[in-house]
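Below is query-v4.cif, holding mmCIF, C-alpha atoms.
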```
data_entry
#
loop_
_atom_site.label_atom_id
_atom_site.label_comp_id
_atom_site.auth_asym_id
_atom_site.auth_seq_id
_atom_site.Cartn_x
_atom_site.Cartn_y
_atom_site.Cartn_z
CA MET A 48 -148.63 9.20 95.05
CA THR A 49 -146.63 10.78 92.25
CA TYR A 50 -145.72 8.92 89.06
CA ASP A 51 -142.47 9.29 87.17
CA THR A 52 -143.66 7.13 84.28
CA VAL A 53 -146.95 6.92 82.37
CA ILE A 54 -147.59 4.21 79.79
CA PHE A 55 -150.56 4.30 77.46
CA ASP A 56 -152.60 1.82 75.52
CA ASN A 57 -152.82 3.16 71.97
CA ASP A 58 -156.16 2.49 70.25
CA GLY A 59 -159.03 4.10 72.11
CA VAL A 60 -156.66 6.07 74.35
CA LEU A 61 -154.25 8.10 72.19
CA VAL A 62 -155.77 7.41 68.78
CA GLU A 63 -159.30 6.56 67.69
CA ARG A 64 -160.21 2.92 67.25
CA THR A 65 -160.48 1.35 63.81
CA ASP A 66 -163.95 0.56 62.51
CA PHE A 67 -164.54 -3.19 62.85
CA ASP A 68 -165.82 -3.46 59.28
CA VAL A 69 -162.48 -2.17 57.99
CA LEU A 70 -160.61 -4.86 59.89
CA ARG A 71 -163.10 -7.53 58.91
CA GLU A 72 -162.75 -6.74 55.21
CA ALA A 73 -158.97 -6.92 55.49
CA THR A 74 -159.29 -10.36 57.06
CA ARG A 75 -161.64 -11.52 54.32
CA GLU A 76 -159.24 -10.24 51.67
CA THR A 77 -156.42 -12.19 53.30
CA PHE A 78 -158.40 -15.40 52.98
CA SER A 79 -159.04 -14.51 49.33
CA GLU A 80 -155.31 -14.13 48.72
CA PHE A 81 -154.96 -17.77 49.72
CA GLY A 82 -157.81 -18.82 47.44
CA VAL A 83 -160.39 -19.18 50.19
CA THR A 84 -163.66 -17.44 49.34
CA ASP A 85 -166.32 -19.80 50.72
CA LEU A 86 -165.99 -18.82 54.36
CA GLU A 87 -167.97 -19.35 57.51
CA PRO A 88 -168.89 -15.81 58.66
CA ASP A 89 -167.89 -16.63 62.22
CA HIS A 90 -164.44 -17.63 61.04
CA VAL A 91 -163.86 -14.18 59.56
CA ASP A 92 -164.96 -12.51 62.80
CA ASP A 93 -162.90 -14.88 64.94
CA MET A 94 -159.77 -14.15 62.92
CA THR A 95 -160.38 -10.39 62.93
CA VAL A 96 -160.40 -9.61 66.65
CA GLY A 97 -159.51 -11.68 69.69
CA ALA A 98 -158.10 -14.75 67.95
CA THR A 99 -156.16 -17.22 70.08
CA PRO A 100 -153.36 -19.45 68.78
CA ARG A 101 -155.69 -22.42 69.12
CA GLN A 102 -158.35 -20.72 66.99
CA VAL A 103 -155.78 -19.78 64.35
CA ASP A 104 -154.60 -23.38 64.13
CA SER A 105 -158.15 -24.74 64.01
CA ILE A 106 -159.54 -22.31 61.43
CA CYS A 107 -156.46 -22.55 59.22
CA GLY A 108 -156.78 -26.34 59.41
CA THR A 109 -160.35 -26.07 58.15
CA TYR A 110 -159.14 -24.39 54.96
CA ASP A 111 -155.85 -26.27 54.66
CA LEU A 112 -153.74 -23.18 55.35
CA GLU A 113 -150.36 -23.02 57.08
CA PRO A 114 -151.14 -21.02 60.26
CA GLU A 115 -147.98 -18.93 60.57
CA THR A 116 -147.90 -18.03 56.88
CA PHE A 117 -151.56 -17.06 56.87
CA TRP A 118 -151.26 -15.09 60.09
CA GLN A 119 -148.34 -13.02 58.91
CA ALA A 120 -150.31 -12.12 55.79
CA ARG A 121 -153.33 -11.28 57.90
CA GLU A 122 -151.26 -9.03 60.17
CA SER A 123 -149.83 -7.14 57.19
CA ALA A 124 -153.28 -6.72 55.64
CA LEU A 125 -154.81 -5.33 58.83
CA SER A 126 -151.90 -2.98 59.37
CA ARG A 127 -152.14 -1.66 55.80
CA ALA A 128 -155.89 -1.12 56.23
CA GLN A 129 -155.34 0.84 59.44
CA GLN A 130 -152.63 2.94 57.83
CA VAL A 131 -155.15 3.97 55.17
CA GLU A 132 -157.59 4.97 57.92
CA VAL A 133 -154.89 7.09 59.55
CA ARG A 134 -153.95 8.80 56.30
CA GLU A 135 -157.58 9.53 55.48
CA GLY A 136 -158.25 11.02 58.93
CA ARG A 137 -160.70 8.34 60.02
CA LYS A 138 -158.31 7.11 62.71
CA ALA A 139 -157.10 10.34 64.23
CA LEU A 140 -155.34 11.30 67.44
CA TYR A 141 -157.65 12.43 70.21
CA ASP A 142 -157.64 16.20 70.63
CA ASP A 143 -156.40 16.07 74.22
CA ILE A 144 -153.10 14.39 73.32
CA ASP A 145 -151.44 17.81 73.16
CA THR A 146 -151.98 18.16 76.90
CA LEU A 147 -149.28 15.51 77.35
CA THR A 148 -146.61 17.87 76.01
CA ASP A 149 -145.82 19.24 79.44
CA LEU A 150 -146.63 16.14 81.50
CA ASP A 151 -143.76 15.72 83.94
CA ALA A 152 -143.22 12.00 83.40
CA ALA A 153 -141.48 9.60 81.05
CA MET A 154 -144.00 8.17 78.59
CA GLY A 155 -144.44 4.92 76.70
CA ILE A 156 -147.00 2.93 74.74
CA VAL A 157 -148.08 -0.71 75.02
CA SER A 158 -150.62 -1.89 72.47
CA SER A 159 -152.12 -5.22 71.44
CA ASN A 160 -152.15 -3.92 67.87
CA GLN A 161 -149.33 -4.70 65.45
CA GLN A 162 -145.94 -3.06 66.02
CA GLU A 163 -146.09 -1.88 62.41
CA THR A 164 -149.38 -0.10 63.08
CA VAL A 165 -148.19 1.53 66.28
CA ASP A 166 -145.03 2.77 64.55
CA PHE A 167 -147.02 4.17 61.64
CA VAL A 168 -149.43 6.09 63.89
CA LEU A 169 -146.51 7.70 65.72
CA GLU A 170 -144.50 8.51 62.60
CA HIS A 171 -147.45 9.80 60.58
CA ASN A 172 -148.46 12.14 63.39
CA GLU A 173 -144.84 13.09 64.14
CA ILE A 174 -145.06 12.22 67.83
CA SER A 175 -142.54 9.36 68.08
CA HIS A 176 -140.15 11.58 70.01
CA ARG A 177 -142.61 11.90 72.89
CA PHE A 178 -142.42 8.23 73.84
CA GLY A 179 -139.35 6.50 75.17
CA ALA A 180 -140.79 3.06 74.45
CA ALA A 181 -143.56 1.92 72.12
CA TYR A 182 -144.53 -1.73 71.93
CA GLY A 183 -147.02 -3.52 69.73
CA ARG A 184 -147.16 -7.19 68.79
CA GLU A 185 -144.84 -9.05 66.48
CA PRO A 186 -146.71 -10.52 63.46
CA THR A 187 -146.64 -14.06 64.84
CA VAL A 188 -149.24 -16.46 66.16
CA GLU A 189 -147.22 -16.78 69.36
CA SER A 190 -147.59 -13.06 70.09
CA LEU A 191 -151.32 -13.56 70.64
CA ASP A 192 -150.55 -15.16 73.99
CA LEU A 193 -148.56 -12.07 74.96
CA ARG A 194 -151.45 -9.64 74.57
CA LYS A 195 -152.82 -7.88 77.59
CA PRO A 196 -153.76 -8.88 80.25
CA ASN A 197 -150.40 -10.64 79.90
CA PRO A 198 -147.96 -7.98 81.22
CA HIS A 199 -145.15 -9.07 78.88
CA TYR A 200 -144.93 -5.92 76.75
CA LEU A 201 -145.81 -3.67 79.66
CA GLU A 202 -142.91 -5.06 81.68
CA ARG A 203 -140.58 -4.51 78.72
CA ALA A 204 -141.65 -0.88 78.49
CA LEU A 205 -141.24 -0.36 82.23
CA SER A 206 -137.71 -1.74 81.99
CA ASP A 207 -136.85 0.43 78.98
CA LEU A 208 -138.07 3.54 80.76
CA ASP A 209 -136.36 2.63 84.04
CA ALA A 210 -139.68 3.28 85.75
CA GLY A 211 -139.90 3.90 89.46
CA SER A 212 -143.55 4.64 90.14
CA ALA A 213 -145.60 3.94 87.03
CA LEU A 214 -149.17 4.32 85.79
CA PHE A 215 -150.81 2.48 82.88
CA VAL A 216 -153.68 4.25 81.08
CA GLY A 217 -156.17 2.12 79.15
CA ASP A 218 -159.73 1.81 77.92
CA ASN A 219 -160.18 -1.95 78.37
CA GLU A 220 -160.43 -4.24 81.37
CA SER A 221 -157.46 -6.15 79.99
CA ASP A 222 -155.37 -2.99 80.42
CA ILE A 223 -156.30 -2.76 84.08
CA ARG A 224 -155.54 -6.43 84.65
CA ALA A 225 -152.18 -6.12 82.88
CA ALA A 226 -151.26 -3.24 85.18
CA GLU A 227 -152.23 -5.31 88.22
CA ARG A 228 -150.09 -8.21 87.04
CA ALA A 229 -147.16 -5.87 86.43
CA GLY A 230 -147.57 -4.48 89.94
CA ILE A 231 -148.35 -0.90 88.92
CA ASP A 232 -151.29 1.50 89.20
CA SER A 233 -153.84 2.01 86.43
CA ALA A 234 -156.18 4.64 85.04
CA PHE A 235 -159.31 3.85 83.03
CA ILE A 236 -160.12 6.60 80.54
CA ARG A 237 -163.76 7.31 79.70
CA ARG A 238 -163.55 7.90 75.97
CA PRO A 239 -166.93 8.26 74.19
CA HIS A 240 -167.08 4.49 73.60
CA ARG A 241 -166.57 3.91 77.34
CA THR A 242 -168.68 6.70 78.88
CA ASN A 243 -171.16 4.40 80.60
CA TRP A 244 -169.09 1.24 80.59
CA GLU A 245 -169.52 -0.82 83.75
CA LEU A 246 -166.22 -2.24 84.90
CA ASN A 247 -165.57 -5.61 86.47
CA VAL A 248 -162.12 -4.46 87.54
CA TRP A 249 -160.98 -1.70 89.85
CA PRO A 250 -158.56 0.81 88.34
CA THR A 251 -156.60 3.09 90.63
CA TRP A 252 -158.03 6.09 88.80
CA ASP A 253 -161.09 6.73 86.62
CA ILE A 254 -160.46 9.70 84.30
CA ASP A 255 -162.35 11.57 81.59
CA SER A 256 -159.43 12.90 79.55
CA LEU A 257 -155.67 12.84 79.21
CA ASP A 258 -155.58 16.31 80.76
CA ASP A 259 -156.62 14.71 84.06
CA LEU A 260 -153.20 13.05 84.22
CA HIS A 261 -151.59 16.30 85.30
CA SER A 262 -153.45 16.20 88.60
CA VAL A 263 -153.19 12.41 88.87
CA CYS A 264 -149.42 12.38 88.43
CA SER A 265 -148.93 14.98 91.13
CA ALA A 266 -151.60 13.68 93.54
#
```
Representation of the structure as structure tokens:
Amino acid sequence: MTYDTVIFDNDGVLVERTDFDVLREATRETFSEFGVTDLEPDHVDDMTVGATPRQVDSICGTYDLEPETFWQARESALSRAQQVEVREGRKALYDDIDTLTDLDAAMGIVSSNQQETVDFVLEHNEISHRFGAAYGREPTVESLDLRKPNPHYLERALSDLDAGSALFVGDNESDIRAAERAGIDSAFIRRPHRTNWELNVWPTWDIDSLDDLHSVCSA
């Protein structure tokens, strides 16, 4: 099957992931901005990665914080921290991204990271023009329910790109599940952090690099 559209997850696929400690410190600093310094360590971790709206409400209630106000501040802090990592070269594009230059397909991005962060990565690296759609999350508590495996943003990108036969490339099981729910094929990329990862899902393709997409898209 040939694909006329390829959509990518961002972190861990096109650009290196952010060190967890960087994100964790940004979360801790956000609490400090609101005068909260005596924190349960688990609360910092829970609000750094994988938070659900229910967790945000519960943890903010513990410290008498307004959830939406705190969360917007947290989103801005984490985005700023990641922008520093990009500028300093610690969150760089993967070397094989240049192989996408002559990929015969429309391309897009769907990330569970902030829209602000996705936009900065593209603009800083001067590659925005390569992607006809690029979606991250809005800085709201409600957007947490729209993260993959929810296909919400993926379906928006597919519509924007007027996709016929599409492929979603990711490095997490949630990416593969989102593709399934959107009714499209998927490719799991074996970046260094996923070399020996055992999957509990079944992607259409299992690839080692972005260069493999040339043969996949014309298979």
Any chance you could tabulate, as CSV, the residues of region 79-154 of chain A at most 10 Å from region 55-62 of chain A with each one's nearest atom pair and distance in Å to one decimal, using only C-alpha atoms, in chain and rising number order?
```
residue,atom,partner,partner_atom,distance
A:Val133,CA,A:Val62,CA,9.3
A:Lys138,CA,A:Val62,CA,6.6
A:Ala139,CA,A:Val62,CA,5.6
A:Leu140,CA,A:Val62,CA,4.1
A:Tyr141,CA,A:Val62,CA,5.5
A:Asp142,CA,A:Leu61,CA,8.9
A:Asp143,CA,A:Leu61,CA,8.5
A:Ile144,CA,A:Leu61,CA,6.5
A:Met154,CA,A:Phe55,CA,7.7
```
Exactly which residues make up the result of the PyMOL selection byres ((chain A and resi 215) around 7) on this file, given as a PDB file with C-alpha atoms, in the frame of the given file?
```
ATOM      1  CA  VAL A  53    -146.950   6.920  82.370  1.00  0.00           C
ATOM      2  CA  ILE A  54    -147.590   4.210  79.790  1.00  0.00           C
ATOM      3  CA  PHE A  55    -150.560   4.300  77.460  1.00  0.00           C
ATOM      4  CA  ALA A 213    -145.600   3.940  87.030  1.00  0.00           C
ATOM      5  CA  LEU A 214    -149.170   4.320  85.790  1.00  0.00           C
ATOM      6  CA  VAL A 216    -153.680   4.250  81.080  1.00  0.00           C
ATOM      7  CA  GLY A 217    -156.170   2.120  79.150  1.00  0.00           C
ATOM      8  CA  ALA A 226    -151.260  -3.240  85.180  1.00  0.00           C
ATOM      9  CA  ASP A 232    -151.290   1.500  89.200  1.00  0.00           C
ATOM     10  CA  SER A 233    -153.840   2.010  86.430  1.00  0.00           C
ATOM     11  CA  ALA A 234    -156.180   4.640  85.040  1.00  0.00           C
TER      12      ALA A 234
END
```
Task: Contacts of Ala266 (chain A) within 12 Å, all atoms listed in the file, excl. fewer than 5 positions in-chain, as a VMD selection string - done: chain A and resid 48 to 51 252 259 to 261
Open item on the list: Which residue is closest to Asn197 (chain A)? Choose from A:Asp66, A:Asp209, A:Glu220, A:Asp92 and count all atoms listed in the file.
Closed with: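 Closest to Asn197 (chain A), using all atoms listed in the file: A:Glu220.
Residues in contact range of Gln129 (chain A), defined as at most 8 Å between all atoms listed in the file, with sequence neighbours fewer than 5 positions away removed, read Thr65, Val69, Leu70, Lys138 and Thr164 of chain A.
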With C-alpha atoms retained, export the selected residues as a PDB file, in the frame of the given file.
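Heads up, here's the output in out-v6.pdb:
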```pdb
ATOM      1  CA  THR A  65    -160.480   1.350  63.810  1.00  0.00           C
ATOM      2  CA  VAL A  69    -162.480  -2.170  57.990  1.00  0.00           C
ATOM      3  CA  LEU A  70    -160.610  -4.860  59.890  1.00  0.00           C
ATOM      4  CA  LYS A 138    -158.310   7.110  62.710  1.00  0.00           C
ATOM      5  CA  THR A 164    -149.380  -0.100  63.080  1.00  0.00           C
TER       6      THR A 164
END
```
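Taking CA of Cys264 (chain A) and CA of Ser221 (chain A) as the two end points, the separation is 21.9 Å.
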Open item on the list: Give me, as a PyMOL selection string, all polymer residues having an atom no more than 12 Å from region 85-89 of chain A, counting only C-alpha atoms and skipping those fewer than 6 positions away in the same chain.
Closed with: chain A and resi 71-72+74-79+95-96+98+102+106-107+109-110
Open item on the list: Just the number, please: distance in Å from CA of Thr99 (chain A) to CA of Gly230 (chain A), one decimal.
Closed with: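 So the answer is 25.1 Å.
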Task: Proximity to Ala210 (chain A) - best of A:Phe167, A:Arg134, A:Asn172, A:Gly179, all atoms listed in the file - done: A:Gly179
- [ ] Determine the residue set returned by the PyMOL selection byres ((chain A and resi 118-124) around 8) for the present structure, and present it as a list in words.
- [x] Ala73, Thr74, Glu76, Thr77, Val103, Pro114, Glu115, Thr116, Phe117, Leu125, Ser126, Arg127, Ala128, Gln161, Pro186, Thr187 and Val188 of chain A
Task: Atomic separation - CA of Glu163 (chain A) relative to CA of Gly136 (chain A), Å - done: 18.1 Å
Task: Best match for closeness to Val157 (chain A) among A:Glu132, A:Glu63, A:Glu202, A:Asp253, counting all atoms listed in the file - done: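 Once distances to Val157 (chain A) are computed over all atoms listed in the file, the minimum belongs to A:Glu202.
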Open item on the list: Ranking A:Gly155, A:Phe81, A:Glu173, A:Asp104 by minimum distance to Arg203 (chain A) and counting all atoms listed in the file, which one comes first?
Closed with: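 Smallest distance to Arg203 (chain A) is found for A:Gly155.
Using all atoms listed in the file, the nearest neighbour of Ile254 (chain A) within the list A:Asp218, A:Glu227, A:Ala152, A:Thr84 is A:Asp218.
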Open item on the list: Please determine, counting only C-alpha atoms, which residue among A:Glu113, A:Glu185, A:Asp207, A:Asp192 has the shortest atom-to-atom distance to Thr52 (chain A).
Closed with: A:Asp207
